[in-house]
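The structure file start.cif is reproduced below (mmCIF, C-alpha atoms).
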data_run
loop_
_atom_site.group_PDB
_atom_site.id
_atom_site.type_symbol
_atom_site.label_atom_id
_atom_site.label_comp_id
_atom_site.auth_asym_id
_atom_site.auth_seq_id
_atom_site.Cartn_x
_atom_site.Cartn_y
_atom_site.Cartn_z
ATOM 1 C CA MET Q 1 -9.820 -12.775 4.817
ATOM 2 C CA ALA Q 2 -13.337 -11.496 4.349
ATOM 3 C CA THR Q 3 -14.969 -11.030 1.006
ATOM 4 C CA THR Q 4 -17.733 -8.574 1.666
ATOM 5 C CA PRO Q 5 -19.551 -5.939 -0.357
ATOM 6 C CA ALA Q 6 -17.622 -2.739 -0.882
ATOM 7 C CA THR Q 7 -18.121 0.162 1.522
ATOM 8 C CA GLU Q 8 -18.471 3.788 0.477
ATOM 9 C CA SER Q 9 -14.688 4.299 0.192
ATOM 10 C CA GLU Q 10 -14.083 1.123 -1.801
ATOM 11 C CA PRO Q 11 -14.847 0.457 -5.468
ATOM 12 C CA LYS Q 12 -18.325 -1.032 -5.850
ATOM 13 C CA SER Q 13 -18.154 -2.223 -9.449
ATOM 14 C CA SER Q 14 -15.658 -2.539 -12.262
ATOM 15 C CA SER Q 15 -16.496 0.986 -13.478
ATOM 16 C CA ASP Q 16 -15.405 2.385 -10.080
ATOM 17 C CA PHE Q 17 -11.809 1.220 -10.574
ATOM 18 C CA GLU Q 18 -9.587 3.956 -12.013
ATOM 19 C CA SER Q 19 -8.253 1.699 -14.740
ATOM 20 C CA GLU Q 20 -7.529 -1.912 -15.542
ATOM 21 C CA ARG Q 21 -4.135 -1.516 -13.887
ATOM 22 C CA ILE Q 22 -5.728 -1.777 -10.417
ATOM 23 C CA HIS Q 23 -5.995 -5.437 -9.455
ATOM 24 C CA SER Q 24 -7.562 -4.985 -6.048
ATOM 25 C CA TYR Q 25 -8.445 -2.618 -3.257
ATOM 26 C CA ASN Q 26 -7.366 -3.857 0.172
ATOM 27 C CA SER Q 27 -8.660 -2.511 3.472
ATOM 28 C CA SER Q 28 -7.520 -3.851 6.800
ATOM 29 C CA ASN Q 29 -7.337 -3.386 10.520
ATOM 30 C CA ALA Q 30 -3.653 -3.595 11.406
ATOM 31 C CA THR Q 31 -1.295 -3.231 14.352
ATOM 32 C CA PHE Q 32 1.828 -1.127 13.863
ATOM 33 C CA LEU Q 33 4.933 -3.141 14.773
ATOM 34 C CA GLN Q 34 7.978 -1.070 13.857
ATOM 35 C CA LYS Q 35 9.668 1.577 11.771
ATOM 36 C CA ALA Q 36 13.070 0.518 10.459
ATOM 37 C CA SER Q 37 15.819 1.766 8.209
ATOM 38 C CA GLN Q 38 16.515 -0.615 5.313
ATOM 39 C CA PRO Q 39 20.059 -0.111 4.022
ATOM 40 C CA CYS Q 40 21.229 -0.360 0.443
ATOM 41 C CA TYR Q 41 22.585 -3.838 -0.302
ATOM 42 C CA PHE Q 42 25.091 -2.615 -2.948
ATOM 43 C CA ARG Q 43 23.719 -4.731 -5.822
ATOM 44 C CA THR Q 44 23.991 -2.303 -8.725
ATOM 45 C CA ALA Q 45 26.748 -0.187 -10.234
ATOM 46 C CA ASN Q 46 25.034 2.952 -8.893
ATOM 47 C CA CYS Q 47 25.257 1.831 -5.244
ATOM 48 C CA PRO Q 48 25.512 3.414 -2.823
ATOM 49 C CA ASP Q 49 26.066 6.972 -4.038
ATOM 50 C CA GLN Q 50 23.550 7.192 -6.893
ATOM 51 C CA CYS Q 51 20.906 4.613 -5.997
ATOM 52 C CA VAL Q 52 17.619 4.912 -4.124
ATOM 53 C CA HIS Q 53 17.692 1.508 -2.426
ATOM 54 C CA ALA Q 54 18.133 2.674 1.186
ATOM 55 C CA ARG Q 55 14.776 3.657 2.678
ATOM 56 C CA ILE Q 56 12.518 3.628 5.713
ATOM 57 C CA THR Q 57 10.031 0.752 6.076
ATOM 58 C CA TYR Q 58 6.967 0.394 8.296
ATOM 59 C CA THR Q 59 5.804 -3.045 9.451
ATOM 60 C CA PHE Q 60 2.197 -3.855 10.338
ATOM 61 C CA ARG Q 61 0.462 -7.063 11.450
ATOM 62 C CA ILE Q 62 -2.770 -7.558 9.510
ATOM 63 C CA ASN Q 63 -5.563 -8.301 12.004
ATOM 64 C CA SER Q 64 -8.439 -8.419 9.500
ATOM 65 C CA LEU Q 65 -8.532 -7.936 5.747
ATOM 66 C CA ASN Q 66 -11.171 -7.162 3.145
ATOM 67 C CA VAL Q 67 -10.164 -7.472 -0.519
ATOM 68 C CA VAL Q 68 -12.240 -6.136 -3.421
ATOM 69 C CA THR Q 69 -10.906 -7.502 -6.716
ATOM 70 C CA ASN Q 70 -11.254 -5.650 -10.011
ATOM 71 C CA PRO Q 71 -13.326 -7.998 -12.215
ATOM 72 C CA ASP Q 72 -11.840 -6.446 -15.373
ATOM 73 C CA SER Q 73 -8.230 -7.109 -14.388
ATOM 74 C CA THR Q 74 -6.655 -9.735 -16.633
ATOM 75 C CA GLN Q 75 -3.771 -10.317 -14.204
ATOM 76 C CA ALA Q 76 -5.698 -10.472 -10.901
ATOM 77 C CA LYS Q 77 -5.940 -14.259 -11.089
ATOM 78 C CA TYR Q 78 -2.176 -14.414 -10.476
ATOM 79 C CA CYS Q 79 -2.341 -12.292 -7.301
ATOM 80 C CA THR Q 80 -2.541 -13.831 -3.848
ATOM 81 C CA PRO Q 81 -3.709 -11.449 -1.105
ATOM 82 C CA ILE Q 82 -1.722 -11.207 2.096
ATOM 83 C CA ALA Q 83 -3.027 -13.508 4.836
ATOM 84 C CA GLU Q 84 -4.619 -12.286 8.045
ATOM 85 C CA GLY Q 85 -2.087 -12.433 10.870
ATOM 86 C CA ALA Q 86 0.827 -11.900 8.473
ATOM 87 C CA GLU Q 87 3.273 -9.035 8.721
ATOM 88 C CA TYR Q 88 3.046 -6.456 5.936
ATOM 89 C CA ARG Q 89 6.014 -4.165 5.268
ATOM 90 C CA ILE Q 90 5.391 -0.846 3.579
ATOM 91 C CA ASP Q 91 8.082 1.255 1.958
ATOM 92 C CA GLU Q 92 8.104 4.995 2.702
ATOM 93 C CA THR Q 93 7.516 5.741 -0.997
ATOM 94 C CA SER Q 94 4.119 3.981 -0.827
ATOM 95 C CA PHE Q 95 2.609 6.794 1.248
ATOM 96 C CA VAL Q 96 1.425 9.041 -1.563
ATOM 97 C CA GLY Q 97 -1.675 10.785 -0.223
ATOM 98 C CA ILE Q 98 -2.680 13.631 2.026
ATOM 99 C CA VAL Q 99 -5.464 13.353 4.561
ATOM 100 C CA SER Q 100 -8.159 15.782 3.457
ATOM 101 C CA ASP Q 101 -10.282 17.703 5.929
ATOM 102 C CA SER Q 102 -13.003 18.198 3.305
ATOM 103 C CA ASP Q 103 -15.374 16.015 5.325
ATOM 104 C CA SER Q 104 -15.116 18.419 8.249
ATOM 105 C CA GLY Q 105 -16.000 21.377 6.037
ATOM 106 C CA SER Q 106 -12.755 23.275 6.643
ATOM 107 C CA GLY Q 107 -11.522 22.616 3.106
ATOM 108 C CA SER Q 108 -7.882 22.434 4.202
ATOM 109 C CA ASP Q 109 -5.522 19.531 3.784
ATOM 110 C CA GLY Q 110 -4.279 17.653 6.812
ATOM 111 C CA PRO Q 111 -1.041 15.776 7.367
ATOM 112 C CA SER Q 112 0.432 13.468 4.762
ATOM 113 C CA LEU Q 113 0.079 9.718 5.194
ATOM 114 C CA LYS Q 114 3.843 9.548 5.758
ATOM 115 C CA GLU Q 115 3.584 12.080 8.591
ATOM 116 C CA ILE Q 116 0.868 9.957 10.177
ATOM 117 C CA ALA Q 117 3.010 6.816 9.764
ATOM 118 C CA ASP Q 118 5.967 8.605 11.369
ATOM 119 C CA SER Q 119 3.818 9.479 14.394
ATOM 120 C CA LEU Q 120 2.741 5.865 15.061
ATOM 121 C CA VAL Q 121 3.905 4.114 18.211
ATOM 122 C CA GLU Q 122 4.491 0.356 18.423
ATOM 123 C CA GLY Q 123 1.175 -1.349 19.233
ATOM 124 C CA ASP Q 124 -1.072 1.322 17.663
ATOM 125 C CA THR Q 125 -4.067 -0.163 15.833
ATOM 126 C CA VAL Q 126 -4.895 1.555 12.542
ATOM 127 C CA GLU Q 127 -7.171 1.238 9.556
ATOM 128 C CA LEU Q 128 -4.799 0.560 6.656
ATOM 129 C CA SER Q 129 -5.919 0.544 3.012
ATOM 130 C CA TRP Q 130 -3.900 0.110 -0.155
ATOM 131 C CA ASN Q 131 -4.320 -0.675 -3.842
ATOM 132 C CA HIS Q 132 -2.596 -3.479 -5.696
ATOM 133 C CA ASP Q 133 -1.631 -1.780 -8.969
ATOM 134 C CA TYR Q 134 0.169 -3.201 -11.989
ATOM 135 C CA VAL Q 135 2.200 -0.414 -13.564
ATOM 136 C CA LYS Q 136 4.064 -0.272 -16.887
ATOM 137 C CA ARG Q 137 7.379 1.562 -16.883
ATOM 138 C CA GLY Q 138 9.156 1.471 -20.209
ATOM 139 C CA MET Q 139 8.891 -2.121 -21.459
ATOM 140 C CA ALA Q 140 8.358 -3.750 -18.053
ATOM 141 C CA TYR Q 141 5.332 -4.200 -15.796
ATOM 142 C CA SER Q 142 5.667 -4.362 -12.032
ATOM 143 C CA PRO Q 143 3.379 -4.241 -8.998
ATOM 144 C CA GLU Q 144 2.921 -1.189 -6.807
ATOM 145 C CA TYR Q 145 1.047 -0.970 -3.510
ATOM 146 C CA PRO Q 146 0.191 2.680 -2.827
ATOM 147 C CA VAL Q 147 -1.333 3.305 0.606
ATOM 148 C CA THR Q 148 -4.656 5.119 0.286
ATOM 149 C CA LYS Q 149 -5.715 5.353 3.936
ATOM 150 C CA LEU Q 150 -4.022 5.252 7.308
#
Whole structure, structure tokens version:
Amino acid sequence: MATTPATESEPKSSSDFESERIHSYNSSNATFLQKASQPCYFRTANCPDQCVHARITYTFRINSLNVVTNPDSTQAKYCTPIAEGAEYRIDETSFVGIVSDSDSGSGSDGPSLKEIADSLVEGDTVELSWNHDYVKRGMAYSPEYPVTKL
């Protein structure tokens, strides 16, 4: 894992983080391994008819990783980044963005990150970036890992 200065797309200082809820910004070079269907394991009373447990997952092998930690995060000290060479599984709900063509000057939006993930073939090498967020829902806090670039 490399700890290097932030690039243009990464936060450069604590004021560049959206809020204290972001623990870190992770950017990596990764190899796509597989797309798989993860079934519901029938562990709640709502399963399987009213739950949202069954979903599509995407598995990547992390070839190189750069982590920029939010210095204002009070919980970041408890977070261990994924190791280089490890497999990283991403849930289909983590693909929240749309690729913007604003850099090209056309002003139109491109495909969604999920559409790009669906088009990957085993062995494709991609630039994969995600945030490590700590989100409060009701009375509980939990981590989220939204993908910001693919």
Could I get the residues of stretch 66-90 of chain Q with an atom no further than 9 Å from an atom of stretch 124-146 of chain Q, each paired with its nearest atom pair and that distance in Å to one decimal, using all atoms listed in the file, sorted by chain and residue number, as a tab-separated table?
residue	atom	partner	partner_atom	distance
Q:Gln75	CA	Q:Tyr134	CA	8.4
Q:Cys79	CA	Q:His132	CA	9.0
Q:Ile90	CA	Q:Tyr145	CA	8.3
task = Pick out the closest residue to Q:Glu87 from this set: Q:Leu33, Q:Val68, Q:Val147, Q:Ile56. Count all atoms listed in the file.
result = Q:Leu33
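One finds atom CA of Q:Val52 at 28.7 Å from atom CA of Q:Ala76.
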query = Please, what distance in Å, to one decimal, runs between atom CA of Q:Thr31 and atom CA of Q:Tyr78?
reply = 27.2 Å
ask   = Near stretch 117-120 of chain Q, within 9 Å and counting all atoms listed in the file, which residues show up once chain neighbours fewer than 4 positions away are dropped, as JSON, numbers by chain?
value = {"Q": [32, 34, 35, 58, 92, 95, 112, 113, 124, 150]}
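If you look at atom CA of Q:Val121 and atom CA of Q:Val96, they are 20.5 Å away from each other.
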Could you tell me, as a JSON list (two decimals) with C-alpha atoms, keeping the file's coordinate frame, exactly which residues end up selected when the PyMOL selection byres ((chain Q and resi 28) around 7) is applied to this structure?
[["chain", "number", "residue", "atom", "x", "y", "z"],
["Q", 26, "ASN", "CA", -7.37, -3.86, 0.17],
["Q", 27, "SER", "CA", -8.66, -2.51, 3.47],
["Q", 29, "ASN", "CA", -7.34, -3.39, 10.52],
["Q", 30, "ALA", "CA", -3.65, -3.60, 11.41],
["Q", 62, "ILE", "CA", -2.77, -7.56, 9.51],
["Q", 64, "SER", "CA", -8.44, -8.42, 9.50],
["Q", 65, "LEU", "CA", -8.53, -7.94, 5.75],
["Q", 66, "ASN", "CA", -11.17, -7.16, 3.14],
["Q", 127, "GLU", "CA", -7.17, 1.24, 9.56],
["Q", 128, "LEU", "CA", -4.80, 0.56, 6.66],
["Q", 129, "SER", "CA", -5.92, 0.54, 3.01]]
Using only C-alpha atoms: which of Q:Arg61, Q:Arg89, Q:Thr74, Q:Val67 has the shortest distance to Q:Gln38 = Q:Arg89
task = Compare Q:Phe42, Q:Pro71, Q:Cys47, Q:Thr59 by their minimum atom-to-atom distance to Q:Glu122, counting all atoms listed in the file, and give me the closest one.
result = Q:Thr59
